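So this one's protein.cif, mmCIF, C-alpha atoms and all ligand atoms:
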data_protein
loop_
_atom_site.label_atom_id
_atom_site.label_comp_id
_atom_site.auth_asym_id
_atom_site.auth_seq_id
_atom_site.Cartn_x
_atom_site.Cartn_y
_atom_site.Cartn_z
CA MET A 1 86.24 118.40 81.38
CA LYS A 2 85.59 115.46 83.78
CA LYS A 3 88.16 112.71 83.42
CA GLN A 4 87.23 109.19 82.34
CA GLN A 5 87.10 107.15 85.58
CA LEU A 6 88.56 103.71 85.03
CA ILE A 7 89.14 100.43 86.76
CA ILE A 8 91.72 98.37 84.84
CA ASP A 9 91.59 94.59 85.21
CA THR A 10 94.79 92.95 84.02
CA ASP A 11 96.80 89.73 83.81
CA CYS A 12 99.85 91.99 83.50
CA GLY A 13 102.14 90.52 81.06
CA SER A 14 104.31 92.64 78.84
CA ASP A 15 101.72 94.01 76.43
CA ASP A 16 99.48 94.85 79.40
CA ALA A 17 102.43 96.81 80.82
CA MET A 18 102.66 98.97 77.71
CA ALA A 19 98.89 99.58 77.81
CA ILE A 20 98.96 100.45 81.52
CA ALA A 21 101.84 102.90 81.03
CA MET A 22 99.88 104.56 78.21
CA ALA A 23 96.77 104.92 80.40
CA LEU A 24 98.78 106.34 83.32
CA HIS A 25 100.05 109.05 80.97
CA ASP A 26 96.69 109.96 79.41
CA PRO A 27 95.68 113.33 80.95
CA GLY A 28 92.00 112.67 80.29
CA VAL A 29 91.89 109.56 82.45
CA GLU A 30 91.72 108.83 86.19
CA ILE A 31 92.56 105.20 87.01
CA LEU A 32 90.80 104.48 90.33
CA PHE A 33 92.71 101.22 90.85
CA PHE A 34 93.92 98.03 89.20
CA THR A 35 92.63 94.52 89.78
CA THR A 36 94.63 91.51 88.66
CA VAL A 37 93.59 88.12 87.35
CA SER A 38 95.55 85.07 86.27
CA GLY A 39 96.20 84.61 82.56
CA ASN A 40 99.64 85.43 81.17
CA VAL A 41 100.95 84.79 84.68
CA ASP A 42 99.18 84.18 88.02
CA CYS A 43 97.33 87.10 89.60
CA HIS A 44 100.06 87.68 92.21
CA GLN A 45 102.82 88.00 89.60
CA ALA A 46 100.45 90.14 87.53
CA ALA A 47 100.08 92.45 90.54
CA LEU A 48 103.86 92.70 91.00
CA ASN A 49 104.26 93.46 87.26
CA THR A 50 101.57 96.13 87.48
CA LEU A 51 103.40 97.78 90.42
CA THR A 52 106.65 97.73 88.44
CA THR A 53 104.89 99.38 85.53
CA ILE A 54 103.40 102.08 87.77
CA GLU A 55 106.88 102.82 89.12
CA TYR A 56 108.32 103.11 85.59
CA ALA A 57 105.39 105.26 84.42
CA GLY A 58 106.30 107.80 87.11
CA THR A 59 102.92 109.53 87.30
CA TYR A 60 100.28 108.75 89.94
CA GLU A 61 100.06 105.45 91.78
CA PRO A 62 96.61 103.81 91.95
CA PRO A 63 96.25 100.82 94.29
CA VAL A 64 96.71 97.31 92.87
CA TYR A 65 94.45 94.55 94.25
CA GLU A 66 94.71 90.85 93.49
CA GLY A 67 91.54 89.19 92.17
CA CYS A 68 90.86 85.65 91.09
CA ARG A 69 93.82 83.32 90.87
CA ASP A 70 91.87 80.42 89.38
CA MET A 71 89.55 80.30 86.39
CA LEU A 72 85.88 79.35 86.90
CA LEU A 73 86.42 75.83 85.62
CA ARG A 74 89.47 75.63 83.33
CA GLU A 75 93.00 74.74 84.39
CA LEU A 76 95.47 77.62 84.14
CA VAL A 77 97.75 77.48 81.10
CA PHE A 78 99.74 80.78 81.40
CA ALA A 79 101.52 82.28 78.38
CA HIS A 80 105.17 81.96 79.39
CA GLU A 81 106.26 81.24 75.82
CA THR A 82 104.91 84.65 74.81
CA HIS A 83 105.76 86.88 77.74
CA GLY A 84 108.43 84.94 79.68
CA ASN A 85 108.04 83.09 82.99
CA ASP A 86 107.59 86.33 84.94
CA GLY A 87 105.39 87.81 82.19
CA MET A 88 107.87 90.66 81.61
CA GLY A 89 110.60 89.10 79.50
CA ASP A 90 112.49 87.48 82.45
CA LEU A 91 114.74 90.52 82.83
CA GLY A 92 114.45 90.65 86.63
CA TYR A 93 111.87 93.46 86.82
CA ALA A 94 110.34 93.82 90.30
CA PRO A 95 108.67 96.68 92.20
CA LYS A 96 111.27 98.67 94.17
CA ARG A 97 108.91 100.52 96.51
CA LEU A 98 105.22 99.85 95.87
CA GLN A 99 103.30 96.98 97.46
CA ILE A 100 100.13 95.08 96.61
CA ALA A 101 97.15 96.66 98.40
CA PRO A 102 95.27 94.52 100.93
CA GLY A 103 91.81 93.35 99.90
CA ASN A 104 90.25 91.31 97.13
CA GLY A 105 90.04 92.98 93.72
CA VAL A 106 86.53 91.73 92.94
CA LEU A 107 85.14 93.05 96.23
CA LYS A 108 86.99 96.36 95.76
CA MET A 109 85.43 96.67 92.29
CA LEU A 110 81.94 96.19 93.76
CA GLU A 111 82.65 98.62 96.63
CA ALA A 112 83.75 101.31 94.15
CA LEU A 113 80.71 100.83 91.92
CA ASP A 114 78.40 100.98 94.94
CA ALA A 115 80.07 104.21 96.10
CA HIS A 116 79.91 105.96 92.70
CA GLU A 117 76.85 107.06 90.75
CA ALA A 118 75.64 104.72 88.03
CA GLY A 119 77.30 105.25 84.67
CA SER A 120 80.40 106.99 86.03
CA ILE A 121 82.96 104.15 86.00
CA GLU A 122 84.30 102.24 82.98
CA ILE A 123 86.14 98.95 83.26
CA VAL A 124 88.95 98.13 80.82
CA THR A 125 89.94 94.45 80.88
CA LEU A 126 93.24 93.21 79.51
CA GLY A 127 93.09 89.58 80.61
CA THR A 128 90.65 86.76 81.26
CA LEU A 129 87.15 87.85 82.33
CA THR A 130 87.06 85.79 85.52
CA ASN A 131 86.96 88.75 87.94
CA ILE A 132 84.20 90.43 85.97
CA ALA A 133 82.10 87.27 85.76
CA VAL A 134 82.45 86.64 89.51
CA ALA A 135 81.45 90.25 90.25
CA MET A 136 78.39 89.85 88.00
CA ARG A 137 77.35 86.70 89.81
CA LEU A 138 78.02 88.18 93.27
CA ALA A 139 76.24 91.53 92.78
CA PRO A 140 74.43 91.88 89.45
CA ASP A 141 72.63 95.11 90.39
CA THR A 142 75.94 96.72 91.34
CA MET A 143 77.62 95.59 88.12
CA ARG A 144 74.75 97.08 86.11
CA LYS A 145 76.03 100.49 87.32
CA VAL A 146 79.11 100.09 85.07
CA LYS A 147 79.17 102.70 82.31
CA ARG A 148 80.74 100.20 79.90
CA ILE A 149 83.31 97.43 79.70
CA VAL A 150 86.03 97.59 77.03
CA ALA A 151 87.71 94.18 76.84
CA MET A 152 90.74 93.04 74.90
CA GLY A 153 89.32 89.75 73.73
CA THR A 154 87.91 87.59 70.94
CA ALA A 155 89.37 87.03 67.49
CA GLY A 156 87.27 90.00 66.33
CA LEU A 157 86.20 89.22 62.75
CA GLY A 158 89.39 87.24 62.10
CA PHE A 159 91.29 84.22 63.32
CA GLY A 160 92.34 83.21 66.82
CA ASN A 161 95.80 83.23 68.37
CA VAL A 162 95.53 80.09 70.51
CA SER A 163 93.38 78.09 68.09
CA PRO A 164 91.98 78.82 64.62
CA VAL A 165 88.97 80.49 66.27
CA ALA A 166 89.91 81.41 69.86
CA GLU A 167 91.83 84.35 71.33
CA PHE A 168 93.73 83.73 74.61
CA ASN A 169 91.77 85.99 77.04
CA ILE A 170 88.49 84.30 76.07
CA TRP A 171 89.90 80.79 75.64
CA GLN A 172 91.56 80.72 79.10
CA ASP A 173 88.13 81.17 80.75
CA ALA A 174 85.34 80.93 78.16
CA GLU A 175 82.73 80.28 80.86
CA ALA A 176 83.56 83.67 82.38
CA ALA A 177 83.45 85.31 78.95
CA LYS A 178 80.01 83.77 78.32
CA ILE A 179 78.66 85.26 81.56
CA VAL A 180 80.06 88.69 80.70
CA THR A 181 78.90 88.62 77.07
CA GLU A 182 75.34 87.69 78.05
CA PHE A 183 75.10 89.97 81.11
CA GLY A 184 73.76 93.09 79.40
CA VAL A 185 76.05 96.00 80.29
CA PRO A 186 77.52 98.00 77.35
CA LEU A 187 80.41 95.82 76.16
CA THR A 188 83.04 96.47 73.52
CA TYR A 189 85.43 93.69 72.54
CA VAL A 190 88.64 94.82 70.84
CA GLY A 191 89.54 91.78 68.80
CA TRP A 192 92.91 90.25 68.11
CA ASP A 193 92.58 91.35 64.49
CA ALA A 194 92.81 95.01 65.58
CA CYS A 195 96.46 94.65 66.62
CA ILE A 196 97.99 92.58 63.79
CA ASP A 197 99.11 93.17 60.19
CA ASP A 198 99.90 96.86 59.66
CA ALA A 199 98.91 97.63 63.28
CA MET A 200 101.96 95.71 64.53
CA LEU A 201 104.89 97.86 65.68
CA ASN A 202 107.68 97.45 63.12
CA GLU A 203 111.43 97.60 63.79
CA ASP A 204 111.71 101.38 63.27
CA GLU A 205 108.74 102.05 65.56
CA ILE A 206 110.19 99.70 68.20
CA ASN A 207 113.54 101.50 68.01
CA ARG A 208 111.80 104.89 68.23
CA LEU A 209 110.08 103.76 71.44
CA ARG A 210 113.18 102.15 72.92
CA ASP A 211 115.38 105.21 72.19
CA SER A 212 112.82 107.70 73.51
CA GLY A 213 113.75 107.34 77.20
CA PRO A 214 113.45 105.03 80.23
CA LEU A 215 109.70 104.42 79.90
CA GLY A 216 109.82 103.64 76.19
CA LYS A 217 112.84 101.38 76.78
CA PHE A 218 110.94 99.56 79.57
CA ALA A 219 107.83 99.16 77.38
CA VAL A 220 109.92 97.57 74.63
CA ASP A 221 112.37 95.57 76.75
CA CYS A 222 109.66 93.84 78.81
CA ASN A 223 108.25 92.58 75.48
CA ARG A 224 111.57 90.89 74.72
CA GLN A 225 110.15 87.35 74.72
CA LEU A 226 107.34 88.29 72.32
CA MET A 227 109.88 89.94 70.02
CA LEU A 228 112.03 86.77 69.97
CA LEU A 229 108.93 84.70 69.23
CA ASN A 230 107.92 87.03 66.41
CA GLU A 231 111.40 86.97 64.86
CA GLN A 232 110.92 83.19 64.55
CA ARG A 233 107.35 83.59 63.25
CA PHE A 234 107.83 86.52 60.86
CA GLY A 235 111.60 86.68 60.33
CA ARG A 236 111.81 90.23 61.69
CA PRO A 237 111.37 92.00 65.06
CA CYS A 238 107.77 93.23 65.36
CA LEU A 239 105.23 93.59 68.17
CA ASP A 240 101.54 92.70 68.02
CA MET A 241 100.32 94.81 70.94
CA ALA A 242 96.82 93.52 71.77
CA ASP A 243 96.33 95.36 75.07
CA PRO A 244 97.66 98.71 73.82
CA ALA A 245 95.19 98.38 70.92
CA ALA A 246 92.34 97.82 73.37
CA MET A 247 93.51 100.70 75.59
CA ALA A 248 93.77 103.02 72.61
CA ALA A 249 90.25 102.10 71.49
CA ALA A 250 88.95 102.71 75.02
CA LEU A 251 90.72 106.02 75.69
CA HIS A 252 91.25 107.48 72.21
CA PRO A 253 88.21 106.54 70.09
CA ALA A 254 89.55 108.57 67.14
CA CYS A 255 91.75 105.57 66.37
CA ILE A 256 88.78 103.22 65.87
CA ALA A 257 88.28 102.42 62.17
CA GLN A 258 85.72 99.61 62.43
CA CYS A 259 83.46 98.86 65.40
CA ASP A 260 79.96 97.47 64.96
CA ASP A 261 77.17 95.94 67.04
CA TYR A 262 76.65 92.19 66.84
CA TYR A 263 74.99 89.36 68.68
CA CYS A 264 77.93 87.34 69.97
CA GLU A 265 77.96 83.85 71.47
CA VAL A 266 80.90 82.32 73.33
CA ASP A 267 81.52 78.65 72.59
CA THR A 268 82.03 76.78 75.89
CA CYS A 269 81.60 73.29 74.41
CA PRO A 270 84.65 71.05 74.93
CA GLY A 271 86.34 70.58 71.56
CA PRO A 272 88.32 72.34 68.82
CA SER A 273 86.20 75.51 68.83
CA TYR A 274 86.14 76.00 72.62
CA GLY A 275 86.70 79.68 73.44
CA GLY A 276 85.67 80.86 69.99
CA VAL A 277 83.22 83.77 69.89
CA LEU A 278 80.59 83.44 67.19
CA VAL A 279 79.87 86.90 65.74
CA ASP A 280 76.41 86.80 64.13
CA ILE A 281 77.20 89.13 61.23
CA TYR A 282 74.22 88.05 59.12
CA HIS A 283 71.70 87.93 62.00
CA PHE A 284 71.04 84.19 61.69
CA SER A 285 70.03 84.14 65.37
CA GLY A 286 67.51 86.96 65.06
CA LYS A 287 68.77 88.11 68.44
CA GLN A 288 69.57 91.67 69.46
CA PRO A 289 73.26 92.67 69.55
CA ASN A 290 74.96 92.17 72.92
CA ALA A 291 78.40 93.56 72.14
CA LYS A 292 80.38 95.88 69.90
CA ILE A 293 83.31 94.31 68.07
CA CYS A 294 86.20 96.66 67.30
CA SER A 295 88.10 94.84 64.58
CA LYS A 296 90.21 97.57 62.95
CA LEU A 297 92.08 100.71 64.02
CA HIS A 298 93.31 103.75 62.11
CA VAL A 299 96.89 102.53 62.33
CA GLN A 300 98.76 105.83 62.36
CA GLU A 301 96.31 107.41 64.83
CA TYR A 302 96.77 104.34 67.06
CA LYS A 303 100.56 104.37 66.86
CA ASN A 304 100.69 108.13 67.42
CA TYR A 305 98.64 107.60 70.58
CA ILE A 306 101.19 105.03 71.80
CA PHE A 307 104.06 107.40 71.02
CA SER A 308 102.42 110.46 72.56
CA THR A 309 101.46 108.74 75.82
CA LEU A 310 104.85 107.04 76.20
CA GLY A 311 106.75 110.21 75.36
CA ALA A 312 108.31 108.91 72.15
O1 LIG B 1 95.42 87.34 73.15
C1 LIG B 1 96.15 88.44 73.63
C2 LIG B 1 95.81 88.71 75.06
O2 LIG B 1 96.17 87.60 75.90
C3 LIG B 1 96.58 89.91 75.64
O3 LIG B 1 95.79 90.54 76.59
C4 LIG B 1 97.76 89.27 76.29
O4 LIG B 1 98.32 90.07 77.33
C5 LIG B 1 97.13 88.02 76.87
O5 LIG B 1 96.48 88.39 78.07
CA CA B 2 96.70 90.84 78.85
#

Encoded form (structure tokens):
Amino acid sequence: MKKQQLIIDTDCGSDDAMAIAMALHDPGVEILFFTTVSGNVDCHQAALNTLTTIEYAGTYEPPVYEGCRDMLLRELVFAHETHGNDGMGDLGYAPKRLQIAPGNGVLKMLEALDAHEAGSIEIVTLGTLTNIAVAMRLAPDTMRKVKRIVAMGTAGLGFGNVSPVAEFNIWQDAEAAKIVTEFGVPLTYVGWDACIDDAMLNEDEINRLRDSGPLGKFAVDCNRQLMLLNEQRFGRPCLDMADPAAMAAALHPACIAQCDDYYCEVDTCPGPSYGGVLVDIYHFSGKQPNAKICSKLHVQEYKNYIFSTLGA
């Protein structure tokens, strides 16, 4: 059967790293290349972290291209408190052999879409949507060839993680998210609510991953900062893995428990609800849906997918 052809756009911090390692080990997937964007860390550090992850994954080695360093309008905030200053737990991870490929990630994305038949490439985004928005503005007809975009982003049908209503990937560049949400290609947002509560990795599951071998140990250890943060928040080690949830929903749809079509509107107004995504559940707007919102996973199916792809 033909493999899913993917471009993965990432702000590679530690949960991105786990998701990328999972995708590199999924036999039904061909990752054409990675593009990086600033978010957790700047796009250059995100590229270095992606290369490190590819080396640890030990399978094939798609090129990694840097994309946009700056957001469309917003100042960069980074998420060092969550992922560490280097985005990978500040444990000194660095690529030993691989190098960042020459060329701009946004232009490489457009080149690939131009060279492939329409509907053959999917884009999975794990960070801010800046690269995607710029590509849509640069070459809308080319971007309409995308089969679909699966984005880790929005608060889903729940609460935000950087404000009561906003999730980080949207909030860091809501103007970009507005462009992408209103563009008109098939779009699935995997919300923050899909990766919390019983979908979080508990202490036993973390130990199972860590003890399973070098890749599982890397996937856990690079999330060290998040684990420390969660011990303060929840009083126990646990991992809310937003990007692995999005990757699982994109590559293993059997783990999706709730995913419905809604008209969504991104709030770009300065103020307390900036970066929130209004999900028009009761059709107040009368407008046609423009996105799917995946808000819940079949937890054991999801966790089994993490374990099976990471060899745990
Ligand atoms: O809100 C969680 C998202 O923001 C994840 O993708 C995490 O890596 C950060 O990018
Ligand atoms: Ca991310």

Selected residue, from A:Ala135, A:Leu215, A:Val29, A:Ile281, that lies nearest to A:Thr53 when counting only C-alpha atoms: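 Comparing A:Ala135, A:Leu215, A:Val29, A:Ile281 against A:Thr53, the winner is A:Leu215.
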
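Residues in contact with ligand CA 2 (chain B) comprise A:Thr10, A:Asp11, A:Cys12, A:Gly13, A:Ser14, A:Asp15, A:Asp16, A:Gly39, A:Asn40, A:Thr125, A:Leu126, A:Gly127, A:Thr128, A:Met152, A:Asn169, A:Ala242, A:Asp243, where contact means an atom-to-atom distance of at most 8 Å counting all atoms listed in the file.
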
Point (86.5, 84.2, 65.0), cut-off 10 Å, counting only C-alpha atoms, residues as number ranges by chain: A: 154-161, 163-167, 191-193, 273, 275-279

Show me, as a PDB file with C-alpha atoms, in the frame of the given file, the residues that have an atom within 7 Å of stretch 75-86 of chain A when counting all atoms listed in the file, minus same-chain residues fewer than 3 positions from it.
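Output below, filename around_30.pdb:
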ATOM      1  CA  GLY A  13     102.140  90.520  81.060  1.00  0.00           C
ATOM      2  CA  SER A  14     104.310  92.640  78.840  1.00  0.00           C
ATOM      3  CA  GLY A  39      96.200  84.610  82.560  1.00  0.00           C
ATOM      4  CA  ASN A  40      99.640  85.430  81.170  1.00  0.00           C
ATOM      5  CA  VAL A  41     100.950  84.790  84.680  1.00  0.00           C
ATOM      6  CA  GLN A  45     102.820  88.000  89.600  1.00  0.00           C
ATOM      7  CA  ASP A  70      91.870  80.420  89.380  1.00  0.00           C
ATOM      8  CA  MET A  71      89.550  80.300  86.390  1.00  0.00           C
ATOM      9  CA  GLY A  89     110.600  89.100  79.500  1.00  0.00           C
ATOM     10  CA  ASP A  90     112.490  87.480  82.450  1.00  0.00           C
ATOM     11  CA  ASN A 223     108.250  92.580  75.480  1.00  0.00           C
ATOM     12  CA  GLN A 225     110.150  87.350  74.720  1.00  0.00           C
ATOM     13  CA  LEU A 226     107.340  88.290  72.320  1.00  0.00           C
ATOM     14  CA  LEU A 229     108.930  84.700  69.230  1.00  0.00           C
TER      15      LEU A 229
END

Among listed residues A:Asp173, A:Glu61, A:Asp267, A:Asp221, nearest ligand LIG 1 (chain B) (using only C-alpha atoms and all ligand atoms): A:Asp173

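For the choices A:Ala194, A:Leu72, A:Met136, A:Leu251, the atom-to-atom distance to ligand LIG 1 (chain B) is smallest for A:Ala194 when using only C-alpha atoms and all ligand atoms.
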
Enclosing box along x, y and z for every listed atom of ligand LIG 1 (chain B), padded 4 Å each side, centre and size in Å, one decimal, as AutoDock Vina command-line options:
--center_x 96.9 --center_y 88.9 --center_z 75.6 --size_x 10.9 --size_y 11.2 --size_z 12.9

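Distance check against A:Ser295 using all atoms listed in the file: of A:Met1, A:Ile256, A:Ala115, A:Ile123, the minimum falls on A:Ile256.
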
Straight-line distance linking atom CA of A:Ala139 with atom CA of A:Leu110, stated in Å to one decimal: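 Between these atoms lies a distance of 7.4 Å.
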
Interatomic distance, atom CA of A:Lys145 to atom CA of A:Asp42 (Å, one decimal): 28.3 Å

For A:Gly184, the nearest of the candidates A:Ala133, A:Ala47, A:Ala254, A:Met18, counting all atoms listed in the file: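 Of A:Ala133, A:Ala47, A:Ala254, A:Met18, the one nearest A:Gly184 is A:Ala133, counting all atoms listed in the file.
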
Between atom CA of A:Asp114 and atom CA of A:Phe34, distance in Å (one decimal): 16.8 Å

Top pick for closest residue to ligand LIG 1 (chain B), considering A:Thr130, A:Thr188, A:Thr181, A:Gln172 and counting all atoms listed in the file: A:Gln172

Nearby residues, (83.0, 80.3, 78.2) file frame, 7 Å, all atoms listed in the file, as a ChimeraX atom specification: /A:173-178,266-268,275

Contacts of A:Ala249 within 9 Å, all atoms listed in the file, excl. fewer than 5 positions in-chain, as a PyMOL selection string: chain A and resi 150+190+244+254-256+294+297+302

Selection: 12 Å around A:Gln4, only C-alpha atoms, excl. self and same-chain fewer than 4 positions, as a list in words: Ile8, Ala23, Leu24, Asp26, Pro27, Gly28, Val29, Glu30, Ile31, Leu32, Gly119, Ser120, Ile121, Glu122, Ile123, Val124, Lys147, Arg148, Ala250, Leu251 and His252 of chain A

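The environment of A:Pro237 within 6 Å, counting all atoms listed in the file and disregarding residues fewer than 5 places along the same chain, consists of Glu203, Met227 and Glu231 of chain A.
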